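Remarks on the structure that follows.
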Amino acid sequence: MSHIEPGKFERIPTHLHPLFTDVDAIGTVALDELYTLLCLGIETGSKSVAVAAPTGAGKTFAIQRFAAEFGRTYLNIPVIIYNTLNFQATSVRGFFMHFLESLGHAVLSGETGKLRSRVVNFIIDLARQAGTSMVILMVDEAQNMDAEDVDFLKDVFNELQKARVRLLTFMFGELPQFSWTVEMWSDAVKARFVAHRGLLRGIRNVEDVKRILHEIDVATFSVGSNQTWTSTLFPTAYAAGFRMASQAENFFGCVTRETRGQASEIPNRAAFDSVRAFVRMHWEKDAADMRFTQKDWEDPLRWAEVAETVAIFNKNSTSNWTLKI
């Protein structure tokens, strides 16, 4: 990046800007709430937390973000991310082959017993190398796991327990399918993998919106730089005092109007899509006297199809998934 004079801000084209390429850096109140719950599971000796999320809540992004946070907070605890198939494995052997593939294991051949032993030994080795007795397993798309799948996983847990390795599972599944899937599991499996329940919610109020926009205002463009995301998007307006956080009321008010007051929650994905569209649609307006109203958010919200996604999100989030602590 070229040298910037004091008080001056360099403008970055939107297609190169981290808001459009690296939005994973932005947190939300909902993510904070859920992260606190998962940390409680780690620190209190829980066996599992099952997290449900309506479509658009940002489930897969949450898993990646949490895994990175665990790596910083719990340095010696290995984290495994397991992505389920979009179709069930047709055999025990198929399940363990896919599990080994997710672990990045080089050897996928062999009989079922050897495959299972390979999974167990791999996890034990992770724990031993890290000098810990705990390994975190984060399962994505858990709504795709049928009763047999979790029975296979329960076998792994039991084998690890004999080796005094605690496998803490965080299962993330999409509503409403995940709640239906869990009901098909036996009580023993539920006790093991649904010891506690969490919900990845959407955006509920102006303060939730303000948190996201504030993070855009303070996120730095590069390490050691005084350039923030907002300053590199609207440099002239930023120098004059403009901040994205000032748009929280306009954004939320426009959503309320567009959804006729039915937006009990806004999907995180749709919110980020709206913010990106807002920035791109108004990028040329950068000026010291730049001002916006609710009307300036109409086209960005419609581009992101917020009204449609809100209707689907709110319908699915009403599924029976209560928080158990």
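Naming works like this for the structure tokens: A, B, ... for the chains as they're shown, residue 1 at the start of each chain, ligands 1 onward in shown order.
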Discussion item. Need to verify the contact set: Thr55 (chain A), 8 Å, only C-alpha atoms, exclusion of same-chain residues closer than 2 positions in sequence. Can you return it as a VMD selection string?
Written reply: chain A and resid 53 57 to 58 174 to 175 267 312 to 313 316
For the strand (DSSP E) assignment from backbone DSSP, which residues of region 40-241 of chain A qualify? Please present them as a PDB file with N, CA, C and O atoms, in the first residue's frame.
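This went into selection-v2.pdb:
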```pdb
ATOM      1  N   SER A  48     -21.470 -32.530  24.993  1.00  0.00           N
ATOM      2  CA  SER A  48     -21.893 -32.044  23.680  1.00  0.00           C
ATOM      3  C   SER A  48     -22.787 -30.818  23.778  1.00  0.00           C
ATOM      4  O   SER A  48     -23.431 -30.574  24.800  1.00  0.00           O
ATOM      5  N   VAL A  49     -22.803 -30.063  22.680  1.00  0.00           N
ATOM      6  CA  VAL A  49     -23.775 -28.995  22.466  1.00  0.00           C
ATOM      7  C   VAL A  49     -24.269 -29.150  21.028  1.00  0.00           C
ATOM      8  O   VAL A  49     -23.462 -29.266  20.103  1.00  0.00           O
ATOM      9  N   ALA A  50     -25.575 -29.190  20.846  1.00  0.00           N
ATOM     10  CA  ALA A  50     -26.168 -29.280  19.508  1.00  0.00           C
ATOM     11  C   ALA A  50     -26.742 -27.918  19.147  1.00  0.00           C
ATOM     12  O   ALA A  50     -27.581 -27.380  19.880  1.00  0.00           O
ATOM     13  N   VAL A  51     -26.267 -27.355  18.047  1.00  0.00           N
ATOM     14  CA  VAL A  51     -26.642 -25.997  17.646  1.00  0.00           C
ATOM     15  C   VAL A  51     -27.526 -26.043  16.413  1.00  0.00           C
ATOM     16  O   VAL A  51     -27.151 -26.629  15.383  1.00  0.00           O
ATOM     17  N   ALA A  52     -28.685 -25.451  16.502  1.00  0.00           N
ATOM     18  CA  ALA A  52     -29.604 -25.375  15.368  1.00  0.00           C
ATOM     19  C   ALA A  52     -29.579 -23.973  14.775  1.00  0.00           C
ATOM     20  O   ALA A  52     -29.407 -22.987  15.494  1.00  0.00           O
ATOM     21  N   ALA A  53     -29.748 -23.894  13.454  1.00  0.00           N
ATOM     22  CA  ALA A  53     -29.716 -22.594  12.783  1.00  0.00           C
ATOM     23  C   ALA A  53     -30.620 -22.615  11.567  1.00  0.00           C
ATOM     24  O   ALA A  53     -30.531 -23.519  10.738  1.00  0.00           O
ATOM     25  N   PRO A  54     -31.511 -21.631  11.444  1.00  0.00           N
ATOM     26  CA  PRO A  54     -32.322 -21.541  10.229  1.00  0.00           C
ATOM     27  C   PRO A  54     -31.443 -21.220   9.026  1.00  0.00           C
ATOM     28  O   PRO A  54     -30.332 -20.707   9.181  1.00  0.00           O
ATOM     29  N   VAL A  79      -8.891 -29.246  17.321  1.00  0.00           N
ATOM     30  CA  VAL A  79     -10.250 -29.058  16.795  1.00  0.00           C
ATOM     31  C   VAL A  79     -10.360 -29.768  15.453  1.00  0.00           C
ATOM     32  O   VAL A  79      -9.555 -29.536  14.546  1.00  0.00           O
ATOM     33  N   ILE A  80     -11.363 -30.624  15.333  1.00  0.00           N
ATOM     34  CA  ILE A  80     -11.633 -31.345  14.091  1.00  0.00           C
ATOM     35  C   ILE A  80     -12.961 -30.838  13.528  1.00  0.00           C
ATOM     36  O   ILE A  80     -13.946 -30.717  14.268  1.00  0.00           O
ATOM     37  N   ILE A  81     -12.991 -30.547  12.232  1.00  0.00           N
ATOM     38  CA  ILE A  81     -14.245 -30.179  11.569  1.00  0.00           C
ATOM     39  C   ILE A  81     -14.641 -31.326  10.647  1.00  0.00           C
ATOM     40  O   ILE A  81     -13.868 -31.728   9.773  1.00  0.00           O
ATOM     41  N   TYR A  82     -15.834 -31.854  10.876  1.00  0.00           N
ATOM     42  CA  TYR A  82     -16.335 -32.977  10.080  1.00  0.00           C
ATOM     43  C   TYR A  82     -17.566 -32.534   9.301  1.00  0.00           C
ATOM     44  O   TYR A  82     -18.551 -32.089   9.876  1.00  0.00           O
ATOM     45  N   ASN A  83     -17.481 -32.618   7.970  1.00  0.00           N
ATOM     46  CA  ASN A  83     -18.607 -32.258   7.111  1.00  0.00           C
ATOM     47  C   ASN A  83     -19.351 -33.519   6.715  1.00  0.00           C
ATOM     48  O   ASN A  83     -18.763 -34.423   6.117  1.00  0.00           O
ATOM     49  N   MET A 134      -8.451 -33.788  25.755  1.00  0.00           N
ATOM     50  CA  MET A 134      -9.689 -33.379  25.106  1.00  0.00           C
ATOM     51  C   MET A 134      -9.462 -33.085  23.635  1.00  0.00           C
ATOM     52  O   MET A 134      -8.435 -32.528  23.266  1.00  0.00           O
ATOM     53  N   VAL A 135     -10.460 -33.465  22.824  1.00  0.00           N
ATOM     54  CA  VAL A 135     -10.481 -33.109  21.409  1.00  0.00           C
ATOM     55  C   VAL A 135     -11.884 -32.600  21.091  1.00  0.00           C
ATOM     56  O   VAL A 135     -12.880 -33.198  21.507  1.00  0.00           O
ATOM     57  N   ILE A 136     -11.967 -31.487  20.362  1.00  0.00           N
ATOM     58  CA  ILE A 136     -13.263 -30.923  19.971  1.00  0.00           C
ATOM     59  C   ILE A 136     -13.592 -31.381  18.554  1.00  0.00           C
ATOM     60  O   ILE A 136     -12.785 -31.233  17.642  1.00  0.00           O
ATOM     61  N   LEU A 137     -14.791 -31.934  18.381  1.00  0.00           N
ATOM     62  CA  LEU A 137     -15.283 -32.330  17.068  1.00  0.00           C
ATOM     63  C   LEU A 137     -16.461 -31.441  16.702  1.00  0.00           C
ATOM     64  O   LEU A 137     -17.483 -31.436  17.389  1.00  0.00           O
ATOM     65  N   MET A 138     -16.313 -30.674  15.623  1.00  0.00           N
ATOM     66  CA  MET A 138     -17.383 -29.802  15.151  1.00  0.00           C
ATOM     67  C   MET A 138     -17.979 -30.425  13.889  1.00  0.00           C
ATOM     68  O   MET A 138     -17.270 -30.644  12.896  1.00  0.00           O
ATOM     69  N   VAL A 139     -19.276 -30.733  13.943  1.00  0.00           N
ATOM     70  CA  VAL A 139     -19.958 -31.405  12.832  1.00  0.00           C
ATOM     71  C   VAL A 139     -20.843 -30.406  12.093  1.00  0.00           C
ATOM     72  O   VAL A 139     -21.720 -29.783  12.696  1.00  0.00           O
ATOM     73  N   ASP A 140     -20.604 -30.251  10.804  1.00  0.00           N
ATOM     74  CA  ASP A 140     -21.424 -29.363   9.983  1.00  0.00           C
ATOM     75  C   ASP A 140     -22.490 -30.174   9.254  1.00  0.00           C
ATOM     76  O   ASP A 140     -22.280 -31.348   8.921  1.00  0.00           O
ATOM     77  N   ARG A 166     -11.327 -37.300  25.998  1.00  0.00           N
ATOM     78  CA  ARG A 166     -12.695 -36.768  25.987  1.00  0.00           C
ATOM     79  C   ARG A 166     -12.978 -36.136  24.627  1.00  0.00           C
ATOM     80  O   ARG A 166     -12.284 -35.203  24.218  1.00  0.00           O
ATOM     81  N   LEU A 167     -13.981 -36.666  23.943  1.00  0.00           N
ATOM     82  CA  LEU A 167     -14.406 -36.109  22.658  1.00  0.00           C
ATOM     83  C   LEU A 167     -15.619 -35.225  22.904  1.00  0.00           C
ATOM     84  O   LEU A 167     -16.710 -35.706  23.221  1.00  0.00           O
ATOM     85  N   LEU A 168     -15.426 -33.925  22.777  1.00  0.00           N
ATOM     86  CA  LEU A 168     -16.510 -32.959  22.965  1.00  0.00           C
ATOM     87  C   LEU A 168     -17.061 -32.603  21.594  1.00  0.00           C
ATOM     88  O   LEU A 168     -16.335 -32.101  20.730  1.00  0.00           O
ATOM     89  N   THR A 169     -18.334 -32.885  21.362  1.00  0.00           N
ATOM     90  CA  THR A 169     -18.930 -32.643  20.044  1.00  0.00           C
ATOM     91  C   THR A 169     -19.824 -31.419  20.039  1.00  0.00           C
ATOM     92  O   THR A 169     -20.648 -31.222  20.929  1.00  0.00           O
ATOM     93  N   PHE A 170     -19.639 -30.612  19.011  1.00  0.00           N
ATOM     94  CA  PHE A 170     -20.518 -29.486  18.727  1.00  0.00           C
ATOM     95  C   PHE A 170     -21.153 -29.768  17.374  1.00  0.00           C
ATOM     96  O   PHE A 170     -20.498 -29.654  16.338  1.00  0.00           O
ATOM     97  N   MET A 171     -22.419 -30.173  17.379  1.00  0.00           N
ATOM     98  CA  MET A 171     -23.121 -30.472  16.129  1.00  0.00           C
ATOM     99  C   MET A 171     -23.930 -29.261  15.687  1.00  0.00           C
ATOM    100  O   MET A 171     -24.692 -28.689  16.472  1.00  0.00           O
ATOM    101  N   PHE A 172     -23.780 -28.888  14.417  1.00  0.00           N
ATOM    102  CA  PHE A 172     -24.506 -27.759  13.850  1.00  0.00           C
ATOM    103  C   PHE A 172     -25.431 -28.289  12.754  1.00  0.00           C
ATOM    104  O   PHE A 172     -24.962 -28.899  11.782  1.00  0.00           O
ATOM    105  N   GLY A 173     -26.725 -28.044  12.895  1.00  0.00           N
ATOM    106  CA  GLY A 173     -27.686 -28.530  11.920  1.00  0.00           C
ATOM    107  C   GLY A 173     -28.682 -27.455  11.528  1.00  0.00           C
ATOM    108  O   GLY A 173     -28.928 -26.504  12.270  1.00  0.00           O
ATOM    109  N   GLU A 174     -29.267 -27.622  10.355  1.00  0.00           N
ATOM    110  CA  GLU A 174     -30.191 -26.627   9.813  1.00  0.00           C
ATOM    111  C   GLU A 174     -31.623 -26.922  10.234  1.00  0.00           C
ATOM    112  O   GLU A 174     -32.080 -28.065  10.175  1.00  0.00           O
ATOM    113  N   LEU A 175     -32.311 -25.867  10.666  1.00  0.00           N
ATOM    114  CA  LEU A 175     -33.729 -25.977  10.988  1.00  0.00           C
ATOM    115  C   LEU A 175     -34.563 -25.830   9.720  1.00  0.00           C
ATOM    116  O   LEU A 175     -34.167 -25.107   8.805  1.00  0.00           O
ATOM    117  N   ARG A 197     -28.526 -27.597  24.175  1.00  0.00           N
ATOM    118  CA  ARG A 197     -28.983 -27.091  22.877  1.00  0.00           C
ATOM    119  C   ARG A 197     -28.748 -25.587  22.782  1.00  0.00           C
ATOM    120  O   ARG A 197     -28.962 -24.858  23.743  1.00  0.00           O
ATOM    121  N   GLY A 198     -28.299 -25.176  21.624  1.00  0.00           N
ATOM    122  CA  GLY A 198     -28.097 -23.759  21.357  1.00  0.00           C
ATOM    123  C   GLY A 198     -28.713 -23.385  20.031  1.00  0.00           C
ATOM    124  O   GLY A 198     -28.917 -24.245  19.161  1.00  0.00           O
ATOM    125  N   LEU A 199     -29.010 -22.118  19.864  1.00  0.00           N
ATOM    126  CA  LEU A 199     -29.621 -21.627  18.625  1.00  0.00           C
ATOM    127  C   LEU A 199     -28.776 -20.486  18.071  1.00  0.00           C
ATOM    128  O   LEU A 199     -28.425 -19.549  18.795  1.00  0.00           O
TER     129      LEU A 199
END
```
Give me the region 174-262 of chain A side of the contact with region 20-43 of chain A, cut-off 10 Å, one line per residue showing its nearest atom pair and distance in Å at one decimal, counting only C-alpha atoms, sorted by chain and residue number, as a Markdown table.
```
| residue | atom | partner | partner_atom | distance |
| --- | --- | --- | --- | --- |
| A:Ala195 | CA | A:Gly41 | CA | 9.5 |
| A:His196 | CA | A:Gly41 | CA | 8.4 |
| A:Arg197 | CA | A:Leu37 | CA | 9.2 |
| A:Gly198 | CA | A:Leu34 | CA | 6.9 |
| A:Leu199 | CA | A:Leu34 | CA | 7.4 |
| A:Leu200 | CA | A:Ala30 | CA | 6.4 |
| A:Arg201 | CA | A:Ala30 | CA | 5.9 |
| A:Gly202 | CA | A:Ala30 | CA | 6.7 |
| A:Ile203 | CA | A:Ala30 | CA | 7.5 |
| A:Arg204 | CA | A:Ala30 | CA | 9.3 |
| A:Glu207 | CA | A:Val29 | CA | 8.9 |
| A:Asp208 | CA | A:Val29 | CA | 6.1 |
| A:Val209 | CA | A:Thr28 | CA | 8.4 |
| A:Lys210 | CA | A:Thr28 | CA | 9.6 |
| A:Arg211 | CA | A:Thr28 | CA | 6.5 |
| A:Ile212 | CA | A:Thr28 | CA | 5.9 |
| A:Leu213 | CA | A:Ile26 | CA | 8.9 |
| A:His214 | CA | A:Ile26 | CA | 9.5 |
| A:Glu215 | CA | A:Ile26 | CA | 6.2 |
| A:Ile216 | CA | A:Ile26 | CA | 7.1 |
| A:Ala219 | CA | A:Ile26 | CA | 8.0 |
```
Fill in: In region 57-289 of chain A, DSSP helix (DSSP H, G or I) residues written as a PyMOL selection string
chain A and resi 59-73+92-103+112-130+142-144+147-162+177-183+187-193+206-218+229-233+235-239+244-258+268-281+283-285
Item to complete: Compare A:Gln227, A:Ser317, A:Glu249, A:Gln262 by their minimum atom-to-atom distance to Glu10 (chain A), counting only C-alpha atoms, and give me the closest one.
Response: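 Distance minimum relative to Glu10 (chain A) lands on A:Gln227.
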Worksheet item: For Ala277 (chain A), which residue among A:Arg291, A:His15, A:Arg72, A:Arg260 is the nearest when counting only C-alpha atoms?
Response: A:His15
Worksheet, complete the sentence: re CA of Cys254 (chain A) and CA of Lys285 (chain A): distance 20.0 Å
Worksheet item: CA of Thr228 (chain A) and CA of Gly71 (chain A) are how many Å apart?
Response: 25.5 Å
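Distance check against Leu153 (chain A) using only C-alpha atoms: of A:Phe99, A:Trp297, A:Phe278, A:Tyr238, the minimum falls on A:Phe99.
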Discussion item. Counting only C-alpha atoms, which residue out of A:Asp149, A:Ala271, A:Leu100, A:Asp217 sits closest to Ser246 (chain A)?
Written reply: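 Closest candidate: A:Asp217.
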